[in-house]
file work22.txt (compact mmCIF, C-alpha atoms and all ligand atoms)
# COMPACT_ATOMS: atom_id res chain seq x y z
CA MET A 18 -30.31 8.67 -20.66
CA LYS A 19 -28.44 10.88 -18.17
CA TYR A 20 -25.24 8.92 -18.94
CA LEU A 21 -25.57 9.70 -22.65
CA TYR A 22 -26.26 13.41 -22.19
CA PRO A 23 -22.61 14.59 -22.36
CA PHE A 24 -22.02 12.55 -25.53
CA LEU A 25 -25.02 14.06 -27.33
CA ASN A 26 -24.59 17.69 -26.26
CA PRO A 27 -22.22 19.73 -28.56
CA VAL A 28 -21.46 22.21 -25.73
CA GLU A 29 -20.12 19.34 -23.64
CA TRP A 30 -17.94 18.27 -26.60
CA ILE A 31 -16.37 21.75 -26.83
CA LYS A 32 -15.75 21.73 -23.08
CA ALA A 33 -14.20 18.26 -23.36
CA ILE A 34 -11.82 19.41 -26.13
CA LYS A 35 -10.74 22.44 -24.06
CA PHE A 36 -10.19 20.19 -21.05
CA GLN A 37 -8.14 17.78 -23.18
CA ARG A 38 -5.89 20.65 -24.42
CA LYS A 39 -5.36 21.98 -20.92
CA SER A 40 -4.62 18.55 -19.47
CA SER A 41 -2.15 17.56 -22.20
CA LYS A 42 0.10 20.50 -21.17
CA PHE A 43 0.63 18.78 -17.84
CA ASP A 44 4.32 18.37 -17.03
CA LYS A 45 4.70 14.90 -15.54
CA SER A 46 7.69 15.90 -13.42
CA ALA A 47 5.67 18.74 -11.88
CA TYR A 48 2.86 16.51 -10.68
CA ASP A 49 3.41 12.79 -10.50
CA LEU A 50 0.28 10.78 -9.85
CA GLU A 51 2.03 7.50 -9.02
CA LEU A 52 4.20 9.20 -6.42
CA PHE A 53 1.14 10.80 -4.88
CA LEU A 54 -0.46 7.36 -4.66
CA TYR A 55 2.54 5.75 -2.92
CA SER A 56 2.84 8.70 -0.57
CA LYS A 57 -0.67 7.99 0.66
CA ILE A 58 0.13 4.31 1.27
CA LEU A 59 3.49 4.84 3.04
CA THR A 60 3.92 7.46 5.72
CA ASN A 61 7.66 8.02 6.19
CA ASN A 62 7.89 10.43 3.24
CA MET A 63 10.23 8.21 1.26
CA LEU A 64 9.40 7.38 -2.33
CA HIS A 65 11.75 4.56 -3.25
CA TYR A 66 11.76 0.76 -3.19
CA GLY A 67 13.58 0.35 0.13
CA TYR A 68 16.33 -2.14 0.97
CA PHE A 69 15.65 -5.55 2.54
CA GLU A 70 18.56 -7.20 4.38
CA ASP A 71 16.63 -10.49 4.31
CA ILE A 72 16.07 -11.12 0.61
CA SER A 73 14.18 -14.37 1.23
CA VAL A 74 11.31 -12.65 3.09
CA LYS A 75 7.87 -13.82 1.84
CA PRO A 76 5.59 -11.04 0.51
CA GLU A 77 2.57 -12.26 2.55
CA THR A 78 4.56 -11.66 5.73
CA ILE A 79 5.72 -8.11 4.96
CA SER A 80 3.88 -5.50 7.00
CA LEU A 81 3.69 -1.82 6.06
CA LYS A 82 5.98 -1.18 9.04
CA GLN A 83 8.59 -3.61 7.63
CA LEU A 84 8.34 -1.90 4.26
CA GLU A 85 8.89 1.50 5.87
CA ASP A 86 11.84 0.10 7.86
CA ALA A 87 13.33 -1.17 4.59
CA GLN A 88 12.99 2.33 3.16
CA ILE A 89 14.82 3.78 6.15
CA ARG A 90 17.56 1.14 5.74
CA TYR A 91 17.89 2.21 2.08
CA GLY A 92 18.26 5.83 3.22
CA GLU A 93 20.86 4.85 5.80
CA ASN A 94 22.90 3.07 3.11
CA ILE A 95 23.09 6.40 1.31
CA VAL A 96 23.92 8.40 4.44
CA GLU A 97 26.74 5.92 5.30
CA GLN A 98 28.45 6.83 2.03
CA ILE A 99 28.56 10.57 2.83
CA ARG A 100 32.17 11.16 3.89
CA ASP A 101 32.24 14.96 3.74
CA ILE A 102 30.19 16.11 6.71
CA HIS A 103 31.30 19.76 6.53
CA ASN A 104 30.05 20.80 3.09
CA PRO A 105 26.41 20.96 1.98
CA VAL A 106 24.55 18.01 0.50
CA LEU A 107 22.08 18.41 -2.37
CA ASP A 108 19.26 15.85 -2.45
CA VAL A 109 18.20 15.88 -6.11
CA GLY A 110 14.64 14.72 -6.77
CA CYS A 111 13.96 14.75 -3.05
CA GLY A 112 10.35 13.53 -3.25
CA LEU A 113 8.57 14.24 0.02
CA GLY A 114 11.77 14.94 1.98
CA GLY A 115 12.01 11.75 4.08
CA LEU A 116 15.61 11.06 3.02
CA ALA A 117 16.64 14.70 3.53
CA GLU A 118 15.11 14.61 7.00
CA LEU A 119 17.20 11.51 7.79
CA MET A 120 20.34 13.41 6.75
CA HIS A 121 19.30 16.53 8.63
CA ASN A 122 18.94 14.41 11.78
CA LYS A 123 22.57 13.33 11.32
CA ASN A 124 23.54 17.03 11.43
CA LEU A 125 24.24 17.28 7.72
CA ASP A 126 23.58 20.58 5.95
CA VAL A 127 21.02 19.37 3.39
CA GLU A 128 19.24 21.20 0.60
CA VAL A 129 16.48 19.64 -1.47
CA LEU A 130 15.51 20.02 -5.11
CA THR A 131 12.46 18.86 -7.02
CA PRO A 132 10.50 20.20 -10.01
CA ASN A 133 7.29 19.09 -8.32
CA LYS A 134 5.54 22.10 -6.77
CA ASN A 135 3.35 19.94 -4.52
CA GLN A 136 6.45 18.24 -3.08
CA ILE A 137 8.09 21.63 -2.45
CA ASP A 138 4.96 22.92 -0.67
CA PHE A 139 4.84 19.73 1.41
CA ILE A 140 8.52 20.03 2.39
CA ASN A 141 8.30 23.76 3.18
CA LYS A 142 5.37 23.01 5.47
CA ASN A 143 6.72 19.88 7.18
CA TYR A 144 10.48 20.54 7.16
CA PRO A 145 10.77 24.35 7.16
CA TYR A 146 14.47 24.14 8.13
CA LEU A 147 15.40 22.47 4.78
CA LYS A 148 16.39 24.90 2.04
CA SER A 149 14.35 23.92 -1.01
CA HIS A 150 14.73 24.55 -4.75
CA ASN A 151 11.79 24.11 -7.11
CA TYR A 152 13.69 23.21 -10.31
CA LYS A 153 14.52 20.40 -12.64
CA PHE A 154 18.11 19.40 -11.85
CA GLU A 155 19.20 20.20 -15.39
CA HIS A 156 17.86 23.79 -15.09
CA PHE A 157 19.15 24.51 -11.60
CA GLU A 158 21.33 27.65 -11.23
CA SER A 159 23.17 27.17 -7.98
CA GLY A 160 24.75 29.95 -5.95
CA ARG A 161 26.94 27.47 -4.05
CA LYS A 162 28.83 24.23 -4.54
CA TYR A 163 28.12 20.95 -2.78
CA GLY A 164 30.31 18.33 -1.14
CA THR A 165 27.80 15.59 -2.00
CA ILE A 166 25.02 15.26 -4.58
CA ILE A 167 22.44 12.54 -4.12
CA ASN A 168 20.13 11.04 -6.71
CA SER A 169 17.95 8.56 -4.90
CA GLU A 170 15.71 6.98 -7.55
CA SER A 171 15.63 10.26 -9.44
CA LEU A 172 18.38 9.97 -12.07
CA GLN A 173 16.00 8.03 -14.31
CA TYR A 174 13.94 11.21 -14.82
CA ILE A 175 16.87 13.37 -15.94
CA PRO A 176 18.54 13.29 -19.41
CA LEU A 177 21.93 11.68 -18.73
CA SER A 178 24.27 14.16 -20.45
CA GLU A 179 22.56 17.09 -18.74
CA ALA A 180 22.79 15.37 -15.36
CA PHE A 181 26.55 14.78 -15.82
CA LYS A 182 27.18 18.39 -16.90
CA GLN A 183 25.18 19.80 -14.02
CA ALA A 184 26.80 17.54 -11.40
CA GLU A 185 30.25 18.68 -12.57
CA LYS A 186 29.18 22.33 -12.37
CA ILE A 187 27.88 22.30 -8.81
CA LEU A 188 30.13 19.74 -7.09
CA LEU A 189 33.20 20.81 -5.07
CA PRO A 190 36.58 19.49 -6.39
CA ASP A 191 36.67 16.42 -4.10
CA GLY A 192 32.90 16.05 -4.03
CA LYS A 193 31.01 12.76 -4.37
CA TRP A 194 27.93 11.96 -6.41
CA ILE A 195 25.79 9.18 -4.92
CA ILE A 196 23.36 7.51 -7.28
CA SER A 197 20.89 4.81 -6.32
CA ASP A 198 18.49 3.88 -9.08
CA TYR A 199 17.42 1.18 -11.50
CA PHE A 200 18.75 0.91 -15.04
CA ARG A 201 17.60 -1.08 -18.05
CA LEU A 202 19.84 -3.85 -19.39
CA ASN A 203 18.42 -3.66 -22.89
CA ASP A 204 15.79 -1.97 -25.02
CA LYS A 205 13.39 -4.92 -25.23
CA GLY A 206 10.98 -4.38 -22.30
CA ILE A 207 7.67 -2.56 -22.80
CA ASN A 208 8.39 -0.26 -19.88
CA LYS A 209 11.17 2.18 -20.78
CA SER A 210 11.13 4.21 -17.59
CA SER A 211 14.85 4.28 -16.82
CA HIS A 212 18.25 4.78 -18.45
CA LEU A 213 20.15 1.98 -20.12
CA LEU A 214 23.00 0.84 -17.84
CA GLU A 215 25.29 0.72 -20.86
CA ASP A 216 24.52 4.38 -21.69
CA PHE A 217 25.24 5.34 -18.10
CA ARG A 218 28.64 3.60 -18.16
CA GLN A 219 29.40 5.27 -21.48
CA LYS A 220 28.62 8.71 -19.98
CA LEU A 221 30.93 7.94 -17.05
CA LYS A 222 33.80 7.63 -19.53
CA GLU A 223 32.69 10.52 -21.73
CA PHE A 224 32.45 12.96 -18.79
CA ASN A 225 35.49 11.55 -16.91
CA TRP A 226 33.95 10.21 -13.71
CA ARG A 227 35.45 7.44 -11.62
CA VAL A 228 33.34 4.85 -9.81
CA ILE A 229 34.64 4.60 -6.24
CA TYR A 230 31.85 2.31 -5.00
CA GLU A 231 29.43 0.10 -6.91
CA ARG A 232 26.87 -2.43 -5.74
CA ASP A 233 24.06 -4.27 -7.44
CA ILE A 234 21.17 -4.15 -4.93
CA THR A 235 18.50 -5.63 -7.21
CA MET A 236 17.80 -8.57 -4.90
CA ASN A 237 17.47 -6.27 -1.88
CA ILE A 238 14.79 -4.09 -3.45
CA LEU A 239 12.94 -7.05 -5.00
CA PRO A 240 10.76 -7.91 -1.96
CA THR A 241 9.00 -4.53 -2.41
CA LEU A 242 8.24 -5.31 -6.04
CA ILE A 243 7.04 -8.79 -5.13
CA LEU A 244 4.78 -7.23 -2.49
CA ILE A 245 3.31 -4.59 -4.85
CA ASN A 246 2.83 -7.25 -7.51
CA MET A 247 1.03 -9.48 -5.03
CA TYR A 248 -1.37 -6.68 -4.05
CA ALA A 249 -2.00 -5.89 -7.71
CA GLU A 250 -2.77 -9.53 -8.56
CA ARG A 251 -4.76 -10.37 -5.44
CA PHE A 252 -6.69 -7.12 -4.88
CA LEU A 253 -6.58 -4.65 -7.73
CA MET A 254 -7.13 -7.04 -10.64
CA PRO A 255 -10.02 -8.94 -8.97
CA LEU A 256 -11.57 -5.58 -8.00
CA LYS A 257 -11.32 -4.35 -11.58
CA HIS A 258 -12.95 -7.55 -12.81
CA PHE A 259 -15.66 -7.16 -10.18
CA GLY A 260 -16.34 -3.56 -11.34
CA TYR A 261 -16.51 -4.50 -15.03
CA GLU A 262 -18.83 -7.45 -14.39
CA LYS A 263 -21.08 -5.39 -12.12
CA LEU A 264 -21.44 -2.88 -14.97
CA ARG A 265 -22.17 -5.69 -17.45
CA PHE A 266 -24.99 -7.09 -15.29
CA LYS A 267 -26.49 -3.75 -14.20
CA LYS A 268 -26.07 -1.63 -17.35
CA PRO A 269 -25.27 -3.93 -20.30
CA TRP A 270 -25.74 -1.13 -22.85
CA LEU A 271 -23.19 1.09 -21.04
CA TYR A 272 -20.84 -1.89 -20.78
CA TYR A 273 -21.16 -2.31 -24.54
CA MET A 274 -20.63 1.41 -25.26
CA THR A 275 -17.50 1.56 -23.11
CA ASN A 276 -15.79 -1.43 -24.72
CA ARG A 277 -12.98 0.65 -26.20
CA LEU A 278 -12.49 2.60 -23.01
CA ARG A 279 -12.08 -0.64 -21.08
CA ASP A 280 -9.64 -1.92 -23.71
CA SER A 281 -7.52 1.18 -23.31
CA ILE A 282 -7.62 0.86 -19.49
CA ASP A 283 -6.54 -2.78 -19.83
CA ASN A 284 -3.65 -1.81 -22.14
CA LYS A 285 -2.48 0.81 -19.66
CA ILE A 286 -2.66 -1.80 -16.87
CA ILE A 287 -0.58 -4.26 -18.91
CA LYS A 288 2.11 -1.59 -19.31
CA GLU A 289 2.08 -0.59 -15.63
CA ALA A 290 2.01 -4.25 -14.54
CA ALA A 291 5.16 -4.91 -16.60
CA ALA A 292 6.99 -2.33 -14.46
CA ILE A 293 6.14 -4.14 -11.23
CA ASN A 294 6.53 -7.70 -12.46
CA PRO A 295 9.47 -9.08 -10.40
CA SER A 296 10.69 -11.67 -12.92
CA ARG A 297 10.57 -9.14 -15.75
CA PHE A 298 12.43 -6.69 -13.54
CA ILE A 299 15.24 -9.21 -13.00
CA ASP A 300 15.37 -9.99 -16.74
CA GLU A 301 15.32 -6.37 -17.87
CA LYS A 302 16.75 -4.20 -15.11
CA ARG A 303 19.39 -3.78 -12.42
CA TYR A 304 19.01 -1.67 -9.31
CA MET A 305 22.44 -0.10 -8.80
CA PHE A 306 24.16 1.87 -6.07
CA PHE A 307 27.08 4.04 -7.21
CA VAL A 308 29.40 6.56 -5.60
CA LEU A 309 31.23 8.64 -8.19
CA GLU A 310 33.94 11.25 -8.21
CA LYS A 311 35.32 13.41 -10.98
CA THR A 312 38.77 12.43 -12.30
C1 LIG A 401 10.90 8.13 -7.15
S1 LIG A 401 10.98 9.77 -6.53
C2 LIG A 401 12.33 9.65 -5.41
C3 LIG A 401 12.13 10.55 -4.23
C4 LIG A 401 13.24 10.59 -3.20
N1 LIG A 401 14.54 10.79 -3.80
C5 LIG A 401 13.26 9.37 -2.32
O1 LIG A 401 14.21 8.57 -2.47
O2 LIG A 401 12.38 9.21 -1.51
C6 LIG A 401 11.62 10.68 -7.91
C7 LIG A 401 11.85 12.17 -7.66
O3 LIG A 401 12.51 12.75 -8.79
C8 LIG A 401 11.92 14.00 -9.06
N2 LIG A 401 12.24 14.43 -10.43
C9 LIG A 401 11.57 14.15 -11.59
N3 LIG A 401 12.18 14.78 -12.63
C10 LIG A 401 13.24 15.45 -12.11
C11 LIG A 401 14.24 16.32 -12.68
N4 LIG A 401 14.27 16.57 -13.99
N5 LIG A 401 15.15 16.87 -11.86
C12 LIG A 401 15.14 16.60 -10.54
N6 LIG A 401 14.23 15.80 -9.94
C13 LIG A 401 13.28 15.24 -10.73
C14 LIG A 401 10.45 13.75 -8.76
O4 LIG A 401 9.75 14.96 -8.61
C15 LIG A 401 10.59 12.99 -7.44
O5 LIG A 401 10.78 13.90 -6.39
call {"tool": "encode", "arguments": {"input": "work22.txt", "output": "C-alpha cells"}}
result
Amino acid sequence: MKYLYPFLNPVEWIKAIKFQRKSSKFDKSAYDLELFLYSKILTNNMLHYGYFEDISVKPETISLKQLEDAQIRYGENIVEQIRDIHNPVLDVGCGLGGLAELMHNKNLDVEVLTPNKNQIDFINKNYPYLKSHNYKFEHFESGRKYGTIINSESLQYIPLSEAFKQAEKILLPDGKWIISDYFRLNDKGINKSSHLLEDFRQKLKEFNWRVIYERDITMNILPTLILINMYAERFLMPLKHFGYEKLRFKKPWLYYMTNRLRDSIDNKIIKEAAAINPSRFIDEKRYMFFVLEKT
C-alpha cells in the first residue's frame, strides 16, 4: 500500500505537478547529465571520444587507462594544430577543463567557456589559473580577440550561423578556428544530436571561411563507441532485464502498474542506444577534424 500512497493522495499530485513545471525549465546546456556520468567514469577531465592510433584494437582489450590515453592523444592532435603561440586561445565548450589544462601545460594562454555552471565551478576549483567564462558561445561578449578558437566536440550544441558569426567577431585577422566533432550525413537516423555535414559546408561558403586542414577521424574514434556499446549490451541491458524480472517475481502488481513507465524507459534506451551503435554511427555520421581561417 505504501507504494500506492503518492498516487492516491491529491496533495502529492499537486506537488508532482509543481515539480514537473520546475524540472521542465531545466536548460540542458547548463546541466548535462550524460557528461556528468562520463566524468565519473573517466578521470582525466576530458569529455570526448578520444583518438585511437590502432583502429583494429578489440573492445575487450581496452582498459580505462588506454581510453584515457586515447583522449589525451585526441587533445594533442588539437594542440599540434595551434600555430599561433603568442595570442590567447579560447576553448569553447571546455567541459571539465582537461583539454585546456593540456594547452596550459604547453605554455599557451588559454581561456575556457561553457554555459554549464557546474563545469565552471569545477574548473575554478581545480584549475584556478584558467580564466573562465560562464556563457553560451553565441551569447559571449568578449573584451579581447583570440588567435585560436577551439570547439572540441562542442560545435554540435551551438546553432551553426550563430557560431560562425561569433567566431568571426572574436578571432584575430589571421586567427584559426579548430573544430573536432561529429556531423550527420543525412536526416534519417533517430538520433539527431549533431549538425548535418552538408549544412556545415554550406555555412563555410556563406560566411567565407577557408578549410586549411581537414581529416575524417571516424575510424579513430570508433573503438570508444564499440567499447561503450559493448558495456551497454553486456552489462547495462542484462542488469535492466534482471531488475524488471526481479520486480515481476517479487511485486507482480507493481510490475503490472508500471508497464507504461517501463515502455517509456525502453523507448528512451532505444534512442540512446542508437547514438552509441558503431555500425549506425558509420552509416549516419562522420567524425571530422577541421582547421579553418577567414578569407
Ligand atoms: C562533449 S562536451 C566536450 C567537452 C570538452 N570540449 C572536451 O573535449 O573534453 C561538450 C561541451 O559543450 C558545452 N556546450 C553546450 N552548449 C554550448 C554552447 N551553446 N556554447 C558553448 N558550449 C556549449 C557543454 O557544456 C560541454 O562543456
call {"tool": "closest_residue", "arguments": {"input": "work22.txt", "among": "A:Ile245, A:Leu221, A:Leu116, A:Leu239", "to": "ligand LIG 401 (chain A)", "atoms": "all atoms listed in the file"}}
result
A:Leu116
call {"tool": "atom_distance", "arguments": {"input": "work22.txt", "atom1": "CA of Val74 (chain A)", "atom2": "CA of Pro240 (chain A)"}}
result
6.9 Å
call {"tool": "closest_residue", "arguments": {"input": "work22.txt", "among": "A:Lys57, A:Lys193, A:Lys285, A:Lys257", "to": "Tyr230 (chain A)", "atoms": "only C-alpha atoms"}}
result
A:Lys193
call {"tool": "residues_near_ligand", "arguments": {"input": "work22.txt", "ligand": "ligand LIG 401 (chain A)", "cutoff": "6 Å", "atoms": "all atoms listed in the file", "output": "PyMOL selection string"}}
result
chain A and resi 46+63-65+109-112+116+131-133+153-154+169-171+174-175
call {"tool": "closest_residue", "arguments": {"input": "work22.txt", "among": "A:Tyr163, A:Ser210, A:Ile287, A:Val127", "to": "Met254 (chain A)", "atoms": "all atoms listed in the file"}}
result
A:Ile287
call {"tool": "closest_atom_pairs", "arguments": {"input": "work22.txt", "of": "region 234-293 of chain A", "to": "region 21-26 of chain A", "cutoff": "12 Å", "atoms": "all atoms listed in the file", "output": "CSV"}}
result
residue,atom,partner,partner_atom,distance
A:Trp270,CA,A:Leu21,CA,10.8
A:Leu271,CA,A:Leu21,CA,9.1
A:Met274,CA,A:Leu21,CA,10.0
A:Thr275,CA,A:Leu21,CA,11.5
call {"tool": "axis_aligned_box", "arguments": {"input": "work22.txt", "around": "region 112-120 of chain A", "padding_each_side": "5 Å", "output": "JSON"}}
result
{"center_x": 14.5, "center_y": 13.0, "center_z": 2.3, "size_x": 21.8, "size_y": 13.9, "size_z": 21.0}
call {"tool": "closest_residue", "arguments": {"input": "work22.txt", "among": "A:Arg100, A:Lys205, A:Lys288, A:Lys220", "to": "Phe181 (chain A)", "atoms": "only C-alpha atoms"}}
result
A:Lys220
call {"tool": "closest_residue", "arguments": {"input": "work22.txt", "among": "A:Lys75, A:His150, A:Lys186, A:Arg201", "to": "Ile243 (chain A)", "atoms": "all atoms listed in the file"}}
result
A:Lys75
call {"tool": "residues_near_point", "arguments": {"input": "work22.txt", "point": "(-3.5, -7.0, -9.4)", "cutoff": "12 Å", "atoms": "all atoms listed in the file", "output": "list of chain:residue names"}}
result
A:Ile243, A:Leu244, A:Ile245, A:Asn246, A:Met247, A:Tyr248, A:Ala249, A:Glu250, A:Arg251, A:Phe252, A:Leu253, A:Met254, A:Pro255, A:Leu256, A:Lys257, A:His258, A:Asp283, A:Ile286, A:Ile287, A:Glu289, A:Ala290, A:Ala291, A:Ile293, A:Asn294
call {"tool": "closest_residue", "arguments": {"input": "work22.txt", "among": "A:Arg297, A:Lys162, A:Lys311, A:Lys148", "to": "His121 (chain A)", "atoms": "only C-alpha atoms"}}
result
A:Lys148
call {"tool": "atom_distance", "arguments": {"input": "work22.txt", "atom1": "CA of Asn62 (chain A)", "atom2": "CA of Leu113 (chain A)"}}
result
5.0 Å
call {"tool": "atom_distance", "arguments": {"input": "work22.txt", "atom1": "CA of Ile238 (chain A)", "atom2": "CA of Leu107 (chain A)"}}
result
23.7 Å
call {"tool": "residues_around", "arguments": {"input": "work22.txt", "residues": "Asp101 (chain A)", "least_positions_apart": "3", "cutoff": "10 Å", "atoms": "all atoms listed in the file", "output": "PyMOL selection string"}}
result
chain A and resi 98+104-106+125+163-165+191-193
